[in-house]
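Novice: One file: my_file.csv (CSV, C-alpha atoms).
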```csv
chain,number,residue,atom,x,y,z
N,1,MET,CA,-16.7,15.5,-17.4
N,2,LYS,CA,-14.4,13.0,-15.8
N,3,ASP,CA,-11.2,12.0,-17.3
N,4,ALA,CA,-11.2,8.5,-18.8
N,5,ILE,CA,-9.2,5.8,-17.0
N,6,ARG,CA,-6.8,4.6,-19.7
N,7,ASP,CA,-4.7,2.3,-17.5
N,8,PHE,CA,-4.0,1.7,-13.8
N,9,THR,CA,-1.7,4.7,-13.5
N,10,ASP,CA,-4.8,6.9,-13.9
N,11,LEU,CA,-6.3,5.5,-10.8
N,12,VAL,CA,-6.0,7.9,-7.8
N,13,VAL,CA,-5.9,4.8,-5.5
N,14,TRP,CA,-2.8,3.5,-7.3
N,15,GLN,CA,-1.2,6.9,-7.2
N,16,LYS,CA,-1.7,7.1,-3.5
N,17,ALA,CA,-0.4,3.5,-3.1
N,18,ILE,CA,2.8,4.6,-4.9
N,19,ARG,CA,3.0,7.4,-2.3
N,20,LEU,CA,2.7,4.9,0.5
N,21,GLY,CA,5.5,2.9,-0.9
N,22,LYS,CA,7.8,5.9,-1.1
N,23,LEU,CA,7.0,6.8,2.5
N,24,VAL,CA,7.8,3.3,3.6
N,25,TYR,CA,11.1,3.3,1.7
N,26,GLN,CA,12.0,6.7,3.3
N,27,LEU,CA,11.1,5.4,6.8
N,28,THR,CA,13.0,2.2,6.5
N,29,LYS,CA,16.2,3.9,5.3
N,30,GLU,CA,16.8,4.5,9.0
N,31,PHE,CA,16.3,0.9,10.1
N,32,PRO,CA,19.4,-0.9,11.4
N,33,VAL,CA,21.7,-2.5,8.7
N,34,GLU,CA,21.2,-5.9,10.2
N,35,GLU,CA,17.4,-5.7,9.3
N,36,ARG,CA,18.2,-5.2,5.6
N,37,TYR,CA,17.0,-8.8,4.8
N,38,GLY,CA,14.6,-8.9,7.7
N,39,LEU,CA,12.0,-6.4,8.6
N,40,THR,CA,13.2,-3.7,6.2
N,41,SER,CA,12.7,-6.1,3.2
N,42,GLN,CA,9.4,-7.4,4.6
N,43,VAL,CA,7.7,-4.1,5.1
N,44,ARG,CA,9.0,-2.7,1.8
N,45,ARG,CA,7.6,-5.8,-0.1
N,46,ALA,CA,4.3,-5.4,1.7
N,47,ALA,CA,4.1,-1.7,0.7
N,48,VAL,CA,5.1,-2.4,-2.9
N,49,SER,CA,2.5,-5.1,-3.1
N,50,VAL,CA,-0.3,-2.6,-2.5
N,51,ALA,CA,0.2,-0.8,-5.8
N,52,SER,CA,1.2,-4.0,-7.6
N,53,ASN,CA,-2.1,-5.7,-6.8
N,54,ILE,CA,-4.1,-2.7,-7.8
N,55,ALA,CA,-2.3,-2.7,-11.1
N,56,GLU,CA,-2.7,-6.4,-11.7
N,57,GLY,CA,-6.4,-6.4,-10.7
N,58,HIS,CA,-7.1,-3.4,-13.0
N,59,ALA,CA,-5.7,-5.4,-15.9
N,60,ARG,CA,-8.1,-8.3,-15.1
N,61,GLN,CA,-11.2,-6.2,-14.4
N,62,GLY,CA,-14.6,-7.2,-12.9
N,63,LYS,CA,-14.8,-9.5,-9.9
N,64,GLU,CA,-11.1,-10.4,-10.3
N,65,PHE,CA,-10.3,-6.7,-9.7
N,66,SER,CA,-12.2,-6.9,-6.5
N,67,TYR,CA,-10.2,-9.9,-5.5
N,68,PHE,CA,-6.9,-8.2,-6.1
N,69,LEU,CA,-8.2,-5.1,-4.2
N,70,SER,CA,-8.8,-7.4,-1.3
N,71,ILE,CA,-5.2,-8.7,-1.5
N,72,SER,CA,-4.0,-5.2,-1.6
N,73,ARG,CA,-6.0,-4.3,1.6
N,74,GLY,CA,-4.3,-7.2,3.3
N,75,SER,CA,-0.9,-5.8,2.3
N,76,LEU,CA,-2.0,-2.5,3.8
N,77,ALA,CA,-2.7,-4.2,7.1
N,78,GLU,CA,0.6,-6.1,6.8
N,79,THR,CA,2.5,-2.8,6.2
N,80,GLU,CA,0.9,-1.1,9.1
N,81,SER,CA,1.5,-4.0,11.5
N,82,GLN,CA,5.1,-4.3,10.5
N,83,LEU,CA,5.7,-0.6,11.1
N,84,LEU,CA,4.1,-0.8,14.5
N,85,PHE,CA,6.4,-3.7,15.2
N,86,ALA,CA,9.3,-1.5,14.2
N,87,VAL,CA,8.1,1.1,16.7
N,88,GLU,CA,8.1,-1.6,19.4
N,89,LEU,CA,11.7,-2.5,18.4
N,90,GLY,CA,12.7,1.2,18.6
N,91,TYR,CA,13.6,1.4,14.9
N,92,VAL,CA,11.2,4.3,14.4
N,93,ASP,CA,9.1,6.6,16.6
N,94,LEU,CA,5.4,6.3,16.6
N,95,PRO,CA,4.8,10.0,15.5
N,96,ASP,CA,7.0,9.2,12.4
N,97,ILE,CA,4.5,6.6,11.2
N,98,VAL,CA,1.4,8.7,11.7
N,99,PRO,CA,1.4,9.9,8.0
N,100,VAL,CA,1.7,6.3,6.8
N,101,ARG,CA,-1.1,5.1,9.1
N,102,GLU,CA,-3.4,8.0,7.9
N,103,LEU,CA,-2.6,7.1,4.3
N,104,VAL,CA,-3.3,3.4,5.0
N,105,GLY,CA,-6.7,4.3,6.4
N,106,GLU,CA,-7.5,6.4,3.4
N,107,LEU,CA,-6.4,3.7,0.9
N,108,HIS,CA,-8.4,1.1,2.8
N,109,ARG,CA,-11.5,3.1,2.5
N,110,MET,CA,-10.9,3.9,-1.2
N,111,MET,CA,-10.3,0.3,-2.0
N,112,ALA,CA,-13.4,-0.9,-0.1
N,113,SER,CA,-15.5,1.6,-2.1
N,114,LEU,CA,-13.9,0.7,-5.4
N,115,SER,CA,-14.3,-3.0,-4.7
N,116,SER,CA,-17.9,-2.6,-4.0
N,117,LYS,CA,-18.4,-0.7,-7.3
N,118,VAL,CA,-16.5,-3.1,-9.5
N,119,SER,CA,-18.4,-6.1,-7.9
N,120,ARG,CA,-21.7,-4.6,-8.9
N,121,LYS,CA,-20.7,-4.4,-12.6
```
Take the structure in the file and write it out as structure tokens.
Specialist:
Amino acid sequence: MKDAIRDFTDLVVWQKAIRLGKLVYQLTKEFPVEERYGLTSQVRRAAVSVASNIAEGHARQGKEFSYFLSISRGSLAETESQLLFAVELGYVDLPDIVPVRELVGELHRMMASLSSKVSRK
């Protein structure tokens, strides 16, 4: 028997989104100080937005949940793009962002599947 989903914190996709945010925060600790209000802030906000939109969408349910999952997927792309830009700037090495990129791919697939399920209800 599956455990009941009491709130958004029970969603595995939300739990993984929190993990993504933690990974991004750890990576960006090494960014230059002058990027504190630039790229560091931007990529952190994008990563935090992933979990936040899952939570907000879950609170609304139905087709609105699907809409917020779509926004969350956009934040995933934004996070990945910004980290790739950081690689180009030499702030982080490409191998260092591989775990984040893998998690982004997993989250994207999970959200696409969840979105399709909640849209059918």
Novice: Which of these, N:Val118, N:Ile5, N:Ala17, N:Ala47, has the shortest distance to Ser81 of chain N once you count only C-alpha atoms?
Specialist: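 Selected residue with least distance to Ser81 of chain N: N:Ala47.
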Novice: Using only C-alpha atoms - which residues lie no farther than 12 Å from the point (-9.9, 5.2, 0.6) in the file's frame? Write them as an MDAnalysis selection string.
Specialist: chainID N and resid 11:17 69 73 76 102:115
Novice: Store the residues picked out above, limited to C-alpha atoms, as a PDB file, keeping the file's coordinate frame.
Specialist:
```pdb
ATOM      1  CA  LEU N  11      -6.300   5.500 -10.800  1.00  0.00           C
ATOM      2  CA  VAL N  12      -6.000   7.900  -7.800  1.00  0.00           C
ATOM      3  CA  VAL N  13      -5.900   4.800  -5.500  1.00  0.00           C
ATOM      4  CA  TRP N  14      -2.800   3.500  -7.300  1.00  0.00           C
ATOM      5  CA  GLN N  15      -1.200   6.900  -7.200  1.00  0.00           C
ATOM      6  CA  LYS N  16      -1.700   7.100  -3.500  1.00  0.00           C
ATOM      7  CA  ALA N  17      -0.400   3.500  -3.100  1.00  0.00           C
ATOM      8  CA  LEU N  69      -8.200  -5.100  -4.200  1.00  0.00           C
ATOM      9  CA  ARG N  73      -6.000  -4.300   1.600  1.00  0.00           C
ATOM     10  CA  LEU N  76      -2.000  -2.500   3.800  1.00  0.00           C
ATOM     11  CA  GLU N 102      -3.400   8.000   7.900  1.00  0.00           C
ATOM     12  CA  LEU N 103      -2.600   7.100   4.300  1.00  0.00           C
ATOM     13  CA  VAL N 104      -3.300   3.400   5.000  1.00  0.00           C
ATOM     14  CA  GLY N 105      -6.700   4.300   6.400  1.00  0.00           C
ATOM     15  CA  GLU N 106      -7.500   6.400   3.400  1.00  0.00           C
ATOM     16  CA  LEU N 107      -6.400   3.700   0.900  1.00  0.00           C
ATOM     17  CA  HIS N 108      -8.400   1.100   2.800  1.00  0.00           C
ATOM     18  CA  ARG N 109     -11.500   3.100   2.500  1.00  0.00           C
ATOM     19  CA  MET N 110     -10.900   3.900  -1.200  1.00  0.00           C
ATOM     20  CA  MET N 111     -10.300   0.300  -2.000  1.00  0.00           C
ATOM     21  CA  ALA N 112     -13.400  -0.900  -0.100  1.00  0.00           C
ATOM     22  CA  SER N 113     -15.500   1.600  -2.100  1.00  0.00           C
ATOM     23  CA  LEU N 114     -13.900   0.700  -5.400  1.00  0.00           C
ATOM     24  CA  SER N 115     -14.300  -3.000  -4.700  1.00  0.00           C
TER      25      SER N 115
END
```
Novice: Calculated over all atoms listed in the file, which of the candidates N:Leu20, N:Leu27, N:Ile54, N:Ala46 has the smallest distance to Ala86 of chain N?
Specialist: N:Leu27
Novice: Using all atoms listed in the file, which protein or nucleic acid residues come within 12 Å of Gln61 of chain N? Drop anything in the same chain fewer than 3 positions from it, and give the result as a list of chain:residue names.
Specialist: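 Near Gln61 of chain N, the qualifying residues are N:Asp7, N:Phe8, N:Asn53, N:Ile54, N:Ala55, N:Glu56, N:Gly57, N:His58, N:Glu64, N:Phe65, N:Ser66, N:Tyr67, N:Phe68, N:Leu69, N:Leu114, N:Ser115, N:Lys117, N:Val118, N:Ser119, N:Arg120, N:Lys121.
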Novice: Within 12 Å of Leu83 of chain N, counting only C-alpha atoms, which residues qualify if same-chain residues fewer than 6 places away don't, as a compact mmCIF listing (two decimals) with C-alpha atoms, keeping the file's coordinate frame?
Specialist:
```txt
# COMPACT_ATOMS: atom_id res chain seq x y z
CA LEU N 23 7.00 6.80 2.50
CA VAL N 24 7.80 3.30 3.60
CA TYR N 25 11.10 3.30 1.70
CA LEU N 27 11.10 5.40 6.80
CA THR N 28 13.00 2.20 6.50
CA PHE N 31 16.30 0.90 10.10
CA LEU N 39 12.00 -6.40 8.60
CA THR N 40 13.20 -3.70 6.20
CA SER N 41 12.70 -6.10 3.20
CA GLN N 42 9.40 -7.40 4.60
CA VAL N 43 7.70 -4.10 5.10
CA ARG N 44 9.00 -2.70 1.80
CA ALA N 46 4.30 -5.40 1.70
CA ALA N 47 4.10 -1.70 0.70
CA LEU N 76 -2.00 -2.50 3.80
CA ALA N 77 -2.70 -4.20 7.10
CA LEU N 89 11.70 -2.50 18.40
CA GLY N 90 12.70 1.20 18.60
CA TYR N 91 13.60 1.40 14.90
CA VAL N 92 11.20 4.30 14.40
CA ASP N 93 9.10 6.60 16.60
CA LEU N 94 5.40 6.30 16.60
CA PRO N 95 4.80 10.00 15.50
CA ASP N 96 7.00 9.20 12.40
CA ILE N 97 4.50 6.60 11.20
CA VAL N 98 1.40 8.70 11.70
CA PRO N 99 1.40 9.90 8.00
CA VAL N 100 1.70 6.30 6.80
CA ARG N 101 -1.10 5.10 9.10
CA VAL N 104 -3.30 3.40 5.00
```
